[in-house]
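Next comes coords-v2.pdb, with PDB, C-alpha atoms.
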```
ATOM      1  CA  MET A 257     108.278 107.055 102.694
ATOM      2  CA  GLU A 258     111.665 105.317 102.818
ATOM      3  CA  ASN A 259     111.264 104.497 106.520
ATOM      4  CA  VAL A 260     107.808 103.061 105.881
ATOM      5  CA  CYS A 261     109.185 100.838 103.109
ATOM      6  CA  LEU A 262     111.884  99.518 105.431
ATOM      7  CA  ARG A 263     109.394  98.756 108.232
ATOM      8  CA  ASN A 264     106.998  97.031 105.864
ATOM      9  CA  ARG A 265     109.726  94.897 104.305
ATOM     10  CA  LYS A 266     111.122  93.961 107.716
ATOM     11  CA  CYS A 267     107.782  92.860 109.167
ATOM     12  CA  CYS A 268     107.200  90.615 106.131
ATOM     13  CA  GLU A 269     110.551  88.818 106.279
ATOM     14  CA  GLY A 270     110.135  85.054 106.276
ATOM     15  CA  MET A 271     106.342  85.151 105.970
ATOM     16  CA  ASP A 272     104.539  82.241 104.316
ATOM     17  CA  TRP A 273     101.333  83.938 103.222
ATOM     18  CA  ILE A 274      99.244  81.022 101.988
ATOM     19  CA  SER A 275      99.600  77.266 101.655
ATOM     20  CA  LYS A 276      98.759  75.651  98.340
ATOM     21  CA  LYS A 277      96.057  73.566 100.038
ATOM     22  CA  GLN A 278      94.432  76.624 101.575
ATOM     23  CA  TRP A 279      94.739  78.573  98.332
ATOM     24  CA  GLU A 280      93.102  75.807  96.336
ATOM     25  CA  SER A 281      90.316  75.305  98.881
ATOM     26  CA  SER A 282      89.100  78.873  98.470
ATOM     27  CA  GLY A 283      86.320  79.296  95.955
ATOM     28  CA  ASP A 284      88.178  82.126  94.223
ATOM     29  CA  PHE A 285      91.791  81.368  95.262
ATOM     30  CA  TYR A 286      91.592  84.339  97.655
ATOM     31  CA  GLY A 287      91.722  86.581  94.621
ATOM     32  CA  LEU A 288      95.344  85.511  94.108
ATOM     33  CA  PRO A 289      95.838  84.523  90.436
ATOM     34  CA  ASP A 290      97.770  81.360  89.705
ATOM     35  CA  PHE A 291     100.546  83.309  87.969
ATOM     36  CA  CYS A 292     101.104  85.219  91.234
ATOM     37  CA  PHE A 293     100.779  82.305  93.655
ATOM     38  CA  GLY A 294     104.332  81.101  93.168
ATOM     39  CA  HIS A 295     105.705  84.589  93.853
ATOM     40  CA  ILE A 296     103.572  85.712  96.812
ATOM     41  CA  ASN A 297     106.314  84.930  99.369
ATOM     42  CA  GLU A 298     109.123  86.632  97.464
ATOM     43  CA  PRO A 299     110.352  89.866  99.089
ATOM     44  CA  LEU A 300     109.267  93.041  97.356
ATOM     45  CA  THR A 301     111.801  95.431  95.902
ATOM     46  CA  ASN A 302     112.424  98.764  97.614
ATOM     47  CA  ASP A 303     110.108 100.491  95.150
ATOM     48  CA  THR A 304     107.013 101.966  96.789
ATOM     49  CA  SER A 305     104.101  99.540  97.130
ATOM     50  CA  TYR A 306     100.458 100.287  97.747
ATOM     51  CA  SER A 307     100.963  98.926 101.286
ATOM     52  CA  ASP A 308     103.676 101.545 101.811
ATOM     53  CA  ILE A 309     101.260 104.254 100.698
ATOM     54  CA  LEU A 310      98.513 103.037 103.030
ATOM     55  CA  VAL A 311     100.810 102.749 106.045
ATOM     56  CA  PHE A 312     102.243 106.181 105.282
ATOM     57  CA  LEU A 313      98.794 107.793 105.096
ATOM     58  CA  ALA A 314      97.608 106.056 108.262
ATOM     59  CA  THR A 315     100.629 107.198 110.262
ATOM     60  CA  LYS A 316     101.185 110.682 108.833
ATOM     61  CA  TYR A 317      97.527 111.667 109.143
ATOM     62  CA  GLU A 318      96.846 109.613 112.295
ATOM     63  CA  CYS A 319      93.949 107.741 110.721
ATOM     64  CA  LYS A 320      91.816 106.188 113.437
ATOM     65  CA  ASP A 321      89.582 103.696 111.616
ATOM     66  CA  TYR A 322      90.834 101.640 108.662
ATOM     67  CA  LEU A 323      88.595  99.507 106.458
ATOM     68  CA  GLU A 324      89.957  97.132 103.831
ATOM     69  CA  ILE A 325      87.443  95.662 101.383
ATOM     70  CA  GLY A 326      88.915  92.571  99.761
ATOM     71  CA  VAL A 327      91.771  91.498 102.053
ATOM     72  CA  SER A 328      92.681  88.294 100.185
ATOM     73  CA  VAL A 329      95.499  86.436 101.987
ATOM     74  CA  LEU A 330      95.995  89.381 104.425
ATOM     75  CA  LYS A 331      99.378  90.483 103.065
ATOM     76  CA  ASN A 332      98.503  94.177 103.027
ATOM     77  CA  PHE A 333      96.306  93.957 106.135
ATOM     78  CA  TYR A 334      99.194  92.400 108.072
ATOM     79  CA  GLN A 335     101.454  95.342 107.249
ATOM     80  CA  MET A 336      98.765  97.760 108.419
ATOM     81  CA  ALA A 337      98.477  95.819 111.669
ATOM     82  CA  CYS A 338     102.232  95.820 112.270
ATOM     83  CA  ASN A 339     102.983  99.418 111.364
ATOM     84  CA  THR A 340      99.964 101.576 112.237
ATOM     85  CA  LYS A 341      97.843 102.317 115.288
ATOM     86  CA  SER A 342      94.593 102.430 113.330
ATOM     87  CA  ASN A 343      91.600 100.340 114.364
ATOM     88  CA  LEU A 344      91.356  97.593 111.739
ATOM     89  CA  ILE A 345      88.340  96.113 109.969
ATOM     90  CA  ALA A 346      88.493  93.559 107.145
ATOM     91  CA  PHE A 347      85.663  92.662 104.748
ATOM     92  CA  ASP A 348      86.101  89.754 102.347
ATOM     93  CA  ILE A 349      84.068  87.089 100.578
ATOM     94  CA  ASN A 350      86.361  84.370 102.006
ATOM     95  CA  PRO A 351      86.837  83.255 105.603
ATOM     96  CA  LYS A 352      90.019  84.577 107.188
ATOM     97  CA  ASN A 353      93.193  83.034 105.793
ATOM     98  CA  PRO A 354      94.376  80.784 108.678
ATOM     99  CA  CYS A 355      98.004  80.886 107.487
ATOM    100  CA  VAL A 356      98.494  84.474 108.722
ATOM    101  CA  GLU A 357      98.280  85.565 112.352
ATOM    102  CA  ILE A 358      97.401  89.243 112.696
ATOM    103  CA  PRO A 359      99.382  90.546 115.676
ATOM    104  CA  ARG A 360      96.666  92.632 117.327
ATOM    105  CA  PRO A 361      92.862  92.780 117.673
ATOM    106  CA  PHE A 362      90.775  93.464 114.573
ATOM    107  CA  LYS A 363      87.340  92.800 113.105
ATOM    108  CA  TYR A 364      86.880  90.364 110.224
ATOM    109  CA  ILE A 365      83.563  90.227 108.400
ATOM    110  CA  VAL A 366      82.785  87.675 105.703
ATOM    111  CA  GLY A 367      80.542  89.034 102.972
ATOM    112  CA  ASN A 368      79.894  89.499  99.284
ATOM    113  CA  VAL A 369      80.129  93.151  98.240
ATOM    114  CA  MET A 370      77.222  92.623  95.832
ATOM    115  CA  LYS A 371      74.790  91.498  98.575
ATOM    116  CA  GLU A 372      73.306  94.309 100.655
ATOM    117  CA  ASP A 373      72.488  92.017 103.592
ATOM    118  CA  ASP A 374      76.121  90.936 103.899
ATOM    119  CA  TRP A 375      77.051  94.479 104.911
ATOM    120  CA  LYS A 376      74.737  94.483 107.940
ATOM    121  CA  PRO A 377      77.330  93.175 110.448
ATOM    122  CA  LEU A 378      79.687  95.939 109.379
ATOM    123  CA  LYS A 379      76.970  98.581 109.612
ATOM    124  CA  LYS A 380      76.164  97.465 113.161
ATOM    125  CA  LEU A 381      79.664  98.533 114.222
ATOM    126  CA  ASN A 382      78.613 102.129 113.447
ATOM    127  CA  VAL A 383      82.084 103.267 112.342
ATOM    128  CA  LYS A 384      82.969 106.271 110.205
ATOM    129  CA  HIS A 385      86.223 105.398 108.463
ATOM    130  CA  ASP A 386      88.964 107.916 107.766
ATOM    131  CA  LEU A 387      90.955 105.456 105.609
ATOM    132  CA  ILE A 388      89.248 103.028 103.216
ATOM    133  CA  PHE A 389      91.034 100.670 100.831
ATOM    134  CA  SER A 390      88.859  99.174  98.080
ATOM    135  CA  ASP A 391      90.461  96.020  96.660
ATOM    136  CA  ALA A 392      87.646  93.530  96.014
ATOM    137  CA  LEU A 393      85.739  93.509  92.731
ATOM    138  CA  HIS A 394      87.109  96.108  90.345
ATOM    139  CA  SER A 395      84.169  96.155  87.968
ATOM    140  CA  ASN A 396      81.846  99.144  87.738
ATOM    141  CA  GLU A 397      79.097  97.013  89.279
ATOM    142  CA  GLY A 398      81.314  95.964  92.158
ATOM    143  CA  LEU A 399      82.469  99.499  92.903
ATOM    144  CA  GLN A 400      78.905 100.762  92.784
ATOM    145  CA  ALA A 401      77.755  98.029  95.188
ATOM    146  CA  GLU A 402      80.495  98.931  97.688
ATOM    147  CA  TRP A 403      79.519 102.566  97.435
ATOM    148  CA  ASP A 404      75.765 102.102  97.721
ATOM    149  CA  ASN A 405      75.796  99.328 100.302
ATOM    150  CA  TYR A 406      78.308 100.883 102.659
ATOM    151  CA  ILE A 407      81.001 103.421 101.761
ATOM    152  CA  LYS A 408      78.868 106.488 101.019
ATOM    153  CA  ASP A 409      77.313 106.452 104.504
ATOM    154  CA  HIS A 410      80.414 105.553 106.517
ATOM    155  CA  ILE A 411      83.055 108.127 105.622
ATOM    156  CA  ALA A 412      84.606 110.258 108.378
ATOM    157  CA  ASP A 413      84.732 114.059 108.312
ATOM    158  CA  LYS A 414      88.364 113.848 107.212
ATOM    159  CA  PHE A 415      89.074 110.898 104.964
ATOM    160  CA  PHE A 416      91.174 109.039 102.422
ATOM    161  CA  ILE A 417      89.710 106.512 100.004
ATOM    162  CA  VAL A 418      92.187 104.426  98.008
ATOM    163  CA  TRP A 419      90.958 102.387  95.048
ATOM    164  CA  ASP A 420      93.248  99.608  93.841
ATOM    165  CA  ASP A 421      93.578  98.480  90.210
ATOM    166  CA  ALA A 422      92.590 101.976  89.122
ATOM    167  CA  TRP A 423      92.953 101.472  85.396
ATOM    168  CA  ASP A 424      91.331 103.898  82.979
ATOM    169  CA  ASN A 425      87.802 102.535  83.132
ATOM    170  CA  PRO A 426      87.436 102.135  86.942
ATOM    171  CA  THR A 427      88.963 105.564  87.472
ATOM    172  CA  LYS A 428      86.627 107.145  84.930
ATOM    173  CA  TYR A 429      83.656 105.486  86.639
ATOM    174  CA  ILE A 430      84.756 106.701  90.076
ATOM    175  CA  LYS A 431      85.202 110.264  88.807
ATOM    176  CA  GLN A 432      81.813 110.288  87.118
ATOM    177  CA  ASN A 433      79.781 108.638  89.861
ATOM    178  CA  PHE A 434      81.400 109.076  93.274
ATOM    179  CA  ILE A 435      83.505 112.231  93.092
ATOM    180  CA  PRO A 436      80.474 114.518  92.495
ATOM    181  CA  GLN A 437      78.808 113.128  95.616
ATOM    182  CA  LEU A 438      81.957 113.620  97.677
ATOM    183  CA  PHE A 439      82.403 117.130  96.324
ATOM    184  CA  GLU A 440      78.829 118.031  97.225
ATOM    185  CA  ARG A 441      79.339 116.778 100.766
ATOM    186  CA  TYR A 442      82.897 117.884 101.496
ATOM    187  CA  GLY A 443      83.708 120.671  99.070
ATOM    188  CA  LYS A 444      87.310 120.779  97.900
ATOM    189  CA  LEU A 445      88.855 117.401  97.118
ATOM    190  CA  TYR A 446      92.392 116.247  96.393
ATOM    191  CA  MET A 447      93.196 113.355  94.066
ATOM    192  CA  LYS A 448      96.292 111.390  93.088
ATOM    193  CA  HIS A 449      96.632 108.651  90.478
ATOM    194  CA  LEU A 450      99.831 106.649  91.028
ATOM    195  CA  VAL A 451     101.538 103.579  89.636
ATOM    196  CA  VAL A 452     102.974 101.509  92.500
ATOM    197  CA  GLN A 453     104.359  98.052  93.239
ATOM    198  CA  GLU A 454     101.604  95.553  94.022
ATOM    199  CA  TRP A 455     101.718  92.507  96.290
ATOM    200  CA  VAL A 456     104.232  90.487  94.258
ATOM    201  CA  ARG A 457     107.772  91.503  93.414
ATOM    202  CA  GLY A 458     108.280  93.743  90.420
ATOM    203  CA  ARG A 459     104.621  93.946  89.337
ATOM    204  CA  THR A 460     103.043  97.384  89.188
ATOM    205  CA  HIS A 461      99.551  98.781  88.807
ATOM    206  CA  PRO A 462      97.716 102.053  89.446
ATOM    207  CA  ILE A 463      95.909 103.235  92.545
ATOM    208  CA  PHE A 464      93.590 106.228  92.856
ATOM    209  CA  ILE A 465      93.542 108.261  96.073
ATOM    210  CA  VAL A 466      90.768 110.718  96.936
ATOM    211  CA  SER A 467      90.760 112.865 100.065
ATOM    212  CA  ASN A 468      89.604 116.123 101.550
ATOM    213  CA  HIS A 469      93.149 116.512 102.938
ATOM    214  CA  PRO A 470      95.943 117.792 100.722
ATOM    215  CA  ILE A 471      97.707 114.514  99.861
ATOM    216  CA  ASP A 472     101.350 114.838 100.851
ATOM    217  CA  LEU A 473     103.347 111.669 100.177
ATOM    218  CA  GLU A 474     106.740 113.187 100.970
TER
END
```

Whole structure, structure tokens version:
Amino acid sequence: MENVCLRNRKCCEGMDWISKKQWESSGDFYGLPDFCFGHINEPLTNDTSYSDILVFLATKYECKDYLEIGVSVLKNFYQMACNTKSNLIAFDINPKNPCVEIPRPFKYIVGNVMKEDDWKPLKKLNVKHDLIFSDALHSNEGLQAEWDNYIKDHIADKFFIVWDDAWDNPTKYIKQNFIPQLFERYGKLYMKHLVVQEWVRGRTHPIFIVSNHPIDLE
């Protein structure tokens, strides 16, 4: 994990993730709260971030097809592009942040997770994802919409799903509503609930990882 942290920090050096004009022009500020906006360009500490976890999983387990739901200003997505070989797909309610240039080909789909029709362009790609990062709406309704409209039918035979902002209530909802379906389909599951550094320096929050691989983060 230490090597991943170093690569992620290095690729982000000197990045200007979002201009104030672009941030303000977004209907929802790209999901970046005002108390975080002034810190988004500050370098992270060496503590493990959720981006480090995602890059580590993608490289260690050679994940082929990565989906990120709720990419915001592309800070995490950029690190995945720089430090993995996974095919990359982004889904977000906002148009792509023009302040960040992703260094290799990827798909970007604009859509609202709550609207079934907005998922149609993604469904047409006919991809089964082995690594999914859910970071859009964190309400029970939002998680259920992601699941029903797309995730449940587009999971690879071997998979990791990572839910961000996995506080007590979202995690409880996931365990009650999605884990039984995954267990029925895949049998044995492995789960980890971790507190990690988020996208601004020094702030932490939980993530919840579910897989049918043993989850080795060493």

Subject >> Distance query A:Arg265 at most 9 Å, only C-alpha atoms, self and fewer than 6 positions along chain excluded, as an MDAnalysis selection string >> reply: chainID A and resid 299:302 335

**OP:** Tell me which of A:Tyr406, A:Tyr286, A:Trp419, A:Phe389 sits closest to A:Lys431, counting only C-alpha atoms.
**Re:**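 Smallest separation from A:Lys431 among the options: A:Trp419.
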
Selection result for the PyMOL selection byres ((chain A and resi 297) around 7) on this file, as a tab-separated table (two decimals) with C-alpha atoms, keeping the file's coordinate frame:
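Listed below is the output, expr-v2.tsv:
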```
chain	number	residue	atom	x	y	z
A	271	MET	CA	106.34	85.15	105.97
A	272	ASP	CA	104.54	82.24	104.32
A	273	TRP	CA	101.33	83.94	103.22
A	295	HIS	CA	105.70	84.59	93.85
A	296	ILE	CA	103.57	85.71	96.81
A	298	GLU	CA	109.12	86.63	97.46
A	299	PRO	CA	110.35	89.87	99.09
```

Original post:
the PyMOL selection byres ((chain A and resi 460) around 12) on the file shown: which residues, as number ranges by chain?
Top reply: A: 300-301, 303-306, 420-423, 450-459, 461-463

Taking C-alpha atoms for each residue, export the selection above as a PDB file, in the coordinates of the input.
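This is the output file again.pdb:
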```
ATOM      1  CA  LEU A 300     109.267  93.041  97.356  1.00  0.00           C
ATOM      2  CA  THR A 301     111.801  95.431  95.902  1.00  0.00           C
ATOM      3  CA  ASP A 303     110.108 100.491  95.150  1.00  0.00           C
ATOM      4  CA  THR A 304     107.013 101.966  96.789  1.00  0.00           C
ATOM      5  CA  SER A 305     104.101  99.540  97.130  1.00  0.00           C
ATOM      6  CA  TYR A 306     100.458 100.287  97.747  1.00  0.00           C
ATOM      7  CA  ASP A 420      93.248  99.608  93.841  1.00  0.00           C
ATOM      8  CA  ASP A 421      93.578  98.480  90.210  1.00  0.00           C
ATOM      9  CA  ALA A 422      92.590 101.976  89.122  1.00  0.00           C
ATOM     10  CA  TRP A 423      92.953 101.472  85.396  1.00  0.00           C
ATOM     11  CA  LEU A 450      99.831 106.649  91.028  1.00  0.00           C
ATOM     12  CA  VAL A 451     101.538 103.579  89.636  1.00  0.00           C
ATOM     13  CA  VAL A 452     102.974 101.509  92.500  1.00  0.00           C
ATOM     14  CA  GLN A 453     104.359  98.052  93.239  1.00  0.00           C
ATOM     15  CA  GLU A 454     101.604  95.553  94.022  1.00  0.00           C
ATOM     16  CA  TRP A 455     101.718  92.507  96.290  1.00  0.00           C
ATOM     17  CA  VAL A 456     104.232  90.487  94.258  1.00  0.00           C
ATOM     18  CA  ARG A 457     107.772  91.503  93.414  1.00  0.00           C
ATOM     19  CA  GLY A 458     108.280  93.743  90.420  1.00  0.00           C
ATOM     20  CA  ARG A 459     104.621  93.946  89.337  1.00  0.00           C
ATOM     21  CA  HIS A 461      99.551  98.781  88.807  1.00  0.00           C
ATOM     22  CA  PRO A 462      97.716 102.053  89.446  1.00  0.00           C
ATOM     23  CA  ILE A 463      95.909 103.235  92.545  1.00  0.00           C
TER      24      ILE A 463
END
```

**OP:** Could you state which residues are captured by the PyMOL selection byres ((chain A and resi 396) around 10) in this file, as a PyMOL selection string?
**Re:** chain A and resi 393-395+397-401+425-430+433

Which residues are near A:Leu323? Cut-off 8 Å, all atoms listed in the file, ignore same chain within fewer than 4 positions. Put them as an mmCIF file with C-alpha atoms, in the coordinates of the input.
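Listed below is the output, out18.cif:
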```
data_model
loop_
_atom_site.group_PDB
_atom_site.id
_atom_site.type_symbol
_atom_site.label_atom_id
_atom_site.label_comp_id
_atom_site.auth_asym_id
_atom_site.auth_seq_id
_atom_site.Cartn_x
_atom_site.Cartn_y
_atom_site.Cartn_z
ATOM 1 C CA LEU A 344 91.356 97.593 111.739
ATOM 2 C CA ILE A 345 88.340 96.113 109.969
ATOM 3 C CA ALA A 346 88.493 93.559 107.145
ATOM 4 C CA PHE A 347 85.663 92.662 104.748
ATOM 5 C CA HIS A 385 86.223 105.398 108.463
ATOM 6 C CA LEU A 387 90.955 105.456 105.609
ATOM 7 C CA ILE A 388 89.248 103.028 103.216
ATOM 8 C CA PHE A 389 91.034 100.670 100.831
#
```

**OP:** Counting all atoms listed in the file, write as a VMD selection string all protein and nucleic acid residues lying at most 9 Å from (95.6, 83.8, 105.3) in the file's frame.
**Re:** chain A and resid 273 to 275 278 to 279 286 328 to 331 351 to 357

Original post:
To one decimal place, how far is atom CA of A:Trp375 from atom CA of A:Asp391 in Å?
Top reply: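 Atom CA of A:Asp391 lies at a distance of 15.8 Å from atom CA of A:Trp375.
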
**OP:** Have a look at atom CA of A:Asp472 and atom CA of A:Met257 and let me know their distance in Å, one decimal.
**Re:**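 Pair atom CA of A:Asp472 / atom CA of A:Met257 returns 10.6 Å.
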